[in-house]
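J.: I have a structure here, written as structure tokens, and I will follow up with some questions on it.
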Amino acid sequence: MRTDITDRYYRTLAYLETDRVPDLEFGYWPQTVRRWIKEGLDFQPTDAERTAMFIGRLDNQLGFDSLEWVGLYLRTGMAPPFEYQVIEKKEKSVIVLDGDGVTAERFSDEGDESSIPHFIKFPVEGPEDWKKLRDRYRADHPDRVIPQEAIDKAREGAAAGKNVATSLTGPYGQLRNWMGFENVSVAFYDYPAMIHEMMDHMTELAVTQIHRLPPDLPIDYVTWWEDMACKNGPFVSPAMFREFLQPFYHAVMSELRKHGCALGLVDCDGDPSDLLPNWLEEGVNVMFPAEVAAGVDPYRWRRKYGRELRIRGGIAKAPLVEGGPAIDRELERIKPLLDQGGYIPHLDHLVPPNISYKNYCYYLEKKRKLIGKT
């Protein structure tokens with residue numbers, strides 16, 4: 001672990017001394033921003049921002065902290081992507097084949113359902129489909145080359161005390177992107193050999209990418225996107241995770257640790273509590289967003305796993321709907337966890353449209369006072 005990193009974010013999660021935790025949040029439903037504009041938010045979204053969940057310009061306007069890190073992109077995505085095709089236009093939606101090979105109905109930016117596409121067909125339904133898709137994930141494709149410019153930028157950032165970070169789609173997240181939730185759920189039983197082959201292929205691709213980095217280049221932090229749990233728990237059991245998915249984590253985290261990687265964050269909605277031991281075993285030690293609405297209790301996690309587990313999120317959204325004293329009580333609830341360290345407080349997912357602009361501003365004011373920003 002590098003101790004010369006100046007980034008509040010890294011230092012907080014690494015239990016290194018810092019003046020305060022960073023002031024961060026985690027995006028907004030598009031409908032929320034539209035509501036806030038009607039309620040007095042002085043913000044004019046661009047066409048792209050009208051359907052975006054993460055809007056850097058709005059984050060800056062609301063005064064959130066900037067992160068002192070430099071990203072190093074590992075090229076493990078589809079290459080080449082599918083050709084985008086419009087299959088059918090409707091009054092308030094359009095059916096498309098996107099670059100990931102997914103056929104979906106996507107809705108206009110004015111409807112309440114606009115942020116949630118309706119998925120129709122995925123590129124993999126069985127072993128024959130995988131054989132065709134596999135060629136789009138060849139390690140020797142020209143798009144896999146990591147530019148020297150990116151490596152030089154990461155090295156310069158590290159020398160300046162910045163956190164060098166990378167990100168990967170987690171193994172379950174990748175399988176679901178290829179197959180969809182229902183198909184992948186049964187494929188673990190119907191096509192276990194195919195799932196193993198898929199994971200072996202992607203493991204080799206990711207490890208090959210890391211091997212292309214200079215051995216002395218630091219990688220301090222990695223994020224994994226999974227979203228593999230709901231209110232009732234994870235979508236696979238710990239035993240299934242260990243058999244099918246954990247070898248991917250083990251191989252990649254082992255290689256990243258050779259570059260000094262000390263922090264691994266997993267982005268998983270719902271209640272993934274049953275899988276925490278599997279992740280922690282591989283050095284994936286930051287849980288996010290700690291969704292209280294799904295029954296997650298960050299204190300229970302901390303009592304069970306101690307300082308080994310770091311947490312981002314964990315503030316319930318419901319008190320912001322109510323406003324006033326309810327927000328005060330929620331912030332008081334998380335204060336002991338904040339005092340323990342290794343915790344960055346923010347809402348436990350995107351801000352939904354039932355939270356008013358007034359209540360959100362009140363929440364930010366109170367949270368910033370709590371963390372010592374104001």
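In the structure tokens, the first chain shown is A, the next is B, and so on; residue numbers restart at 1 for each chain, and ligands run from 1 in the order shown.
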Contacts of stretch 169-184 of chain A at 6 Å or less, counting only C-alpha atoms, minus same-chain residues fewer than 6 places along, as a PyMOL selection string?

T.: chain A and resi 122-124+224-226+245

J.: Just to be explicit: take each residue in the selection above, keep C-alpha atoms, and write the result as a PDB file, in the first residue's frame.

T.:
```pdb
ATOM      1  CA  PHE A 122     -29.343 -11.306 -25.607  1.00  0.00           C
ATOM      2  CA  PRO A 123     -26.435 -12.488 -27.769  1.00  0.00           C
ATOM      3  CA  VAL A 124     -25.870 -15.759 -25.884  1.00  0.00           C
ATOM      4  CA  TRP A 224     -15.814  -4.219  -9.950  1.00  0.00           C
ATOM      5  CA  TRP A 225     -19.358  -3.847 -11.261  1.00  0.00           C
ATOM      6  CA  GLU A 226     -21.617  -6.778 -10.378  1.00  0.00           C
ATOM      7  CA  LEU A 245     -16.891 -16.801 -10.337  1.00  0.00           C
TER       8      LEU A 245
END
```

J.: Counting only C-alpha atoms, give me one row per residue of stretch 219-306 of chain A with an atom at most 12 Å from an atom of stretch 340-355 of chain A, showing the shortest contact pair and its distance in Å to one decimal, sorted by chain then residue number, as a Markdown table.

T.:
```
| residue | atom | partner | partner_atom | distance |
| --- | --- | --- | --- | --- |
| A:Asp227 | CA | A:His349 | CA | 11.7 |
| A:Leu263 | CA | A:Gly342 | CA | 11.1 |
| A:Asp267 | CA | A:His349 | CA | 10.3 |
| A:Cys268 | CA | A:His349 | CA | 10.2 |
| A:Asp269 | CA | A:His349 | CA | 8.0 |
| A:Gly270 | CA | A:Asp348 | CA | 9.8 |
| A:Asp271 | CA | A:Asp348 | CA | 11.5 |
| A:Asn285 | CA | A:Gly342 | CA | 10.3 |
| A:Val286 | CA | A:Gly342 | CA | 8.8 |
| A:Met287 | CA | A:Tyr343 | CA | 9.7 |
| A:Phe288 | CA | A:Asp348 | CA | 7.9 |
| A:Pro289 | CA | A:Asp348 | CA | 5.0 |
| A:Ala290 | CA | A:Asp348 | CA | 5.8 |
| A:Glu291 | CA | A:Asp348 | CA | 4.7 |
| A:Val292 | CA | A:Asp348 | CA | 6.5 |
| A:Ala293 | CA | A:Asp348 | CA | 7.8 |
| A:Ala294 | CA | A:Asp348 | CA | 9.6 |
| A:Gly295 | CA | A:Asp348 | CA | 11.1 |
| A:Val296 | CA | A:Asp348 | CA | 9.7 |
| A:Asp297 | CA | A:Asp348 | CA | 11.3 |
| A:Pro298 | CA | A:Tyr343 | CA | 9.6 |
| A:Tyr299 | CA | A:Gln340 | CA | 10.5 |
| A:Trp301 | CA | A:Tyr343 | CA | 11.8 |
| A:Arg302 | CA | A:Gln340 | CA | 9.5 |
| A:Arg303 | CA | A:Gln340 | CA | 11.3 |
| A:Gly306 | CA | A:Gln340 | CA | 9.9 |
```

J.: Can you spit out the residues from that selection as a CSV table (one decimal), in the first residue's frame, using N, CA and C atoms?

T.:
```csv
chain,number,residue,atom,x,y,z
A,227,ASP,N,-23.7,-5.9,-9.4
A,227,ASP,CA,-25.2,-5.9,-9.3
A,227,ASP,C,-25.8,-7.3,-9.4
A,263,LEU,N,-6.9,-1.9,-2.4
A,263,LEU,CA,-8.4,-1.7,-2.3
A,263,LEU,C,-9.1,-2.2,-3.5
A,267,ASP,N,-19.3,-3.0,-6.7
A,267,ASP,CA,-20.6,-2.3,-6.8
A,267,ASP,C,-21.7,-3.3,-7.0
A,268,CYS,N,-22.4,-3.6,-5.9
A,268,CYS,CA,-23.5,-4.6,-5.9
A,268,CYS,C,-24.7,-4.1,-5.1
A,269,ASP,N,-25.8,-3.9,-5.9
A,269,ASP,CA,-27.0,-3.5,-5.2
A,269,ASP,C,-27.6,-4.6,-4.4
A,270,GLY,N,-28.7,-4.3,-3.8
A,270,GLY,CA,-29.4,-5.3,-3.0
A,270,GLY,C,-28.6,-5.7,-1.7
A,271,ASP,N,-28.9,-6.9,-1.2
A,271,ASP,CA,-28.2,-7.4,0.0
A,271,ASP,C,-27.2,-8.5,-0.4
A,285,ASN,N,-12.5,-5.5,-0.8
A,285,ASN,CA,-12.7,-5.2,0.6
A,285,ASN,C,-13.5,-3.9,0.8
A,286,VAL,N,-14.1,-3.3,-0.3
A,286,VAL,CA,-14.9,-2.1,-0.2
A,286,VAL,C,-16.3,-2.5,-0.7
A,287,MET,N,-17.3,-2.4,0.1
A,287,MET,CA,-18.7,-2.7,-0.3
A,287,MET,C,-19.5,-1.4,-0.7
A,288,PHE,N,-20.2,-1.5,-1.8
A,288,PHE,CA,-20.9,-0.3,-2.2
A,288,PHE,C,-22.1,-0.7,-3.0
A,289,PRO,N,-23.3,-0.1,-2.9
A,289,PRO,CA,-23.6,1.1,-2.1
A,289,PRO,C,-24.2,0.9,-0.7
A,290,ALA,N,-24.1,-0.4,-0.2
A,290,ALA,CA,-24.7,-0.7,1.1
A,290,ALA,C,-26.2,-0.3,1.2
A,291,GLU,N,-27.0,-0.9,0.4
A,291,GLU,CA,-28.4,-0.5,0.2
A,291,GLU,C,-29.3,-0.8,1.4
A,292,VAL,N,-29.5,0.2,2.2
A,292,VAL,CA,-30.4,0.1,3.4
A,292,VAL,C,-31.8,-0.3,3.0
A,293,ALA,N,-32.2,0.2,1.8
A,293,ALA,CA,-33.6,-0.2,1.3
A,293,ALA,C,-33.7,-1.7,1.1
A,294,ALA,N,-32.6,-2.4,0.9
A,294,ALA,CA,-32.7,-3.8,0.6
A,294,ALA,C,-32.4,-4.6,1.9
A,295,GLY,N,-32.3,-3.9,3.0
A,295,GLY,CA,-32.1,-4.6,4.3
A,295,GLY,C,-30.7,-4.7,4.8
A,296,VAL,N,-29.7,-4.0,4.1
A,296,VAL,CA,-28.3,-4.0,4.5
A,296,VAL,C,-28.2,-3.2,5.8
A,297,ASP,N,-27.5,-3.7,6.7
A,297,ASP,CA,-27.1,-3.0,8.0
A,297,ASP,C,-25.6,-2.9,8.0
A,298,PRO,N,-25.1,-1.7,7.7
A,298,PRO,CA,-23.6,-1.5,7.7
A,298,PRO,C,-23.0,-1.8,9.0
A,299,TYR,N,-23.7,-1.6,10.1
A,299,TYR,CA,-23.1,-1.9,11.4
A,299,TYR,C,-22.9,-3.4,11.6
A,301,TRP,N,-22.3,-5.5,9.2
A,301,TRP,CA,-21.1,-5.9,8.5
A,301,TRP,C,-19.9,-5.5,9.2
A,302,ARG,N,-19.8,-4.4,9.8
A,302,ARG,CA,-18.6,-3.9,10.5
A,302,ARG,C,-18.3,-4.8,11.8
A,303,ARG,N,-19.4,-5.1,12.5
A,303,ARG,CA,-19.2,-6.0,13.6
A,303,ARG,C,-18.7,-7.4,13.2
A,306,GLY,N,-15.0,-6.4,10.9
A,306,GLY,CA,-14.1,-5.4,11.5
A,306,GLY,C,-13.6,-4.4,10.4
```

J.: Please give the complete set of residues from stretch 211-253 of chain A that DSSP, run on the backbone, assigns to strand (DSSP E), formatted as a count of residues only.

T.: 9

J.: Leaving out A:Asp200 and any residue of its chain fewer than 4 positions from it, which residues lie within 9 Å of it when counting only C-alpha atoms, given as a PyMOL selection string?

T.: chain A and resi 195-196+204-205+247-248

J.: For A:Ile210, which of A:Asp59, A:Asp152, A:Glu125, A:Glu255 is the closest residue, counting only C-alpha atoms?

T.: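 Distance minimum relative to A:Ile210 lands on A:Glu255.
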
J.: Which one of A:Pro127, A:Glu105, A:Leu320, A:Ser167 sits closest to A:Ile219 if you count only C-alpha atoms?

T.: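 Ranked by minimum distance to A:Ile219, first place goes to A:Ser167.
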
J.: List every residue of stretch 202-239 of chain A that DSSP, applied to the backbone of this structure, assigns to alpha helix (DSSP H), and report them as a PyMOL selection string.

T.: chain A and resi 202-211+238-239

J.: Keeping only N, CA and C atoms, take the residues you just selected and write them out as a PDB file, in the first residue's frame.

T.:
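Writing the result to again_33.pdb gives the following:
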```pdb
ATOM      1  N   MET A 202     -12.382 -15.127 -20.173  1.00  0.00           N
ATOM      2  CA  MET A 202     -12.307 -13.747 -19.703  1.00  0.00           C
ATOM      3  C   MET A 202     -11.197 -13.559 -18.676  1.00  0.00           C
ATOM      4  N   THR A 203     -10.918 -14.600 -17.893  1.00  0.00           N
ATOM      5  CA  THR A 203      -9.791 -14.521 -16.958  1.00  0.00           C
ATOM      6  C   THR A 203      -8.490 -14.348 -17.722  1.00  0.00           C
ATOM      7  N   GLU A 204      -8.304 -15.152 -18.756  1.00  0.00           N
ATOM      8  CA  GLU A 204      -7.082 -15.046 -19.551  1.00  0.00           C
ATOM      9  C   GLU A 204      -6.956 -13.667 -20.193  1.00  0.00           C
ATOM     10  N   LEU A 205      -8.075 -13.134 -20.683  1.00  0.00           N
ATOM     11  CA  LEU A 205      -8.045 -11.815 -21.306  1.00  0.00           C
ATOM     12  C   LEU A 205      -7.645 -10.744 -20.298  1.00  0.00           C
ATOM     13  N   ALA A 206      -8.259 -10.754 -19.111  1.00  0.00           N
ATOM     14  CA  ALA A 206      -7.956  -9.739 -18.100  1.00  0.00           C
ATOM     15  C   ALA A 206      -6.519  -9.842 -17.613  1.00  0.00           C
ATOM     16  N   VAL A 207      -6.062 -11.055 -17.352  1.00  0.00           N
ATOM     17  CA  VAL A 207      -4.688 -11.247 -16.872  1.00  0.00           C
ATOM     18  C   VAL A 207      -3.687 -10.819 -17.943  1.00  0.00           C
ATOM     19  N   THR A 208      -3.987 -11.117 -19.202  1.00  0.00           N
ATOM     20  CA  THR A 208      -3.106 -10.698 -20.288  1.00  0.00           C
ATOM     21  C   THR A 208      -2.993  -9.178 -20.329  1.00  0.00           C
ATOM     22  N   GLN A 209      -4.106  -8.494 -20.112  1.00  0.00           N
ATOM     23  CA  GLN A 209      -4.073  -7.033 -20.087  1.00  0.00           C
ATOM     24  C   GLN A 209      -3.158  -6.513 -18.969  1.00  0.00           C
ATOM     25  N   ILE A 210      -3.250  -7.114 -17.809  1.00  0.00           N
ATOM     26  CA  ILE A 210      -2.406  -6.667 -16.681  1.00  0.00           C
ATOM     27  C   ILE A 210      -0.938  -6.971 -16.962  1.00  0.00           C
ATOM     28  N   HIS A 211      -0.668  -8.107 -17.584  1.00  0.00           N
ATOM     29  CA  HIS A 211       0.713  -8.461 -17.907  1.00  0.00           C
ATOM     30  C   HIS A 211       1.343  -7.472 -18.886  1.00  0.00           C
ATOM     31  N   PRO A 238     -23.039 -18.800  -2.124  1.00  0.00           N
ATOM     32  CA  PRO A 238     -21.588 -18.742  -1.927  1.00  0.00           C
ATOM     33  C   PRO A 238     -20.852 -19.910  -2.588  1.00  0.00           C
ATOM     34  N   ALA A 239     -21.468 -21.094  -2.587  1.00  0.00           N
ATOM     35  CA  ALA A 239     -20.816 -22.255  -3.216  1.00  0.00           C
ATOM     36  C   ALA A 239     -20.736 -22.078  -4.728  1.00  0.00           C
TER      37      ALA A 239
END
```

J.: Have a look at atom CA of A:Pro234 and atom CA of A:Lys121 and let me know their distance in Å, one decimal.

T.: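 Separation between atom CA of A:Pro234 and atom CA of A:Lys121: 23.4 Å.
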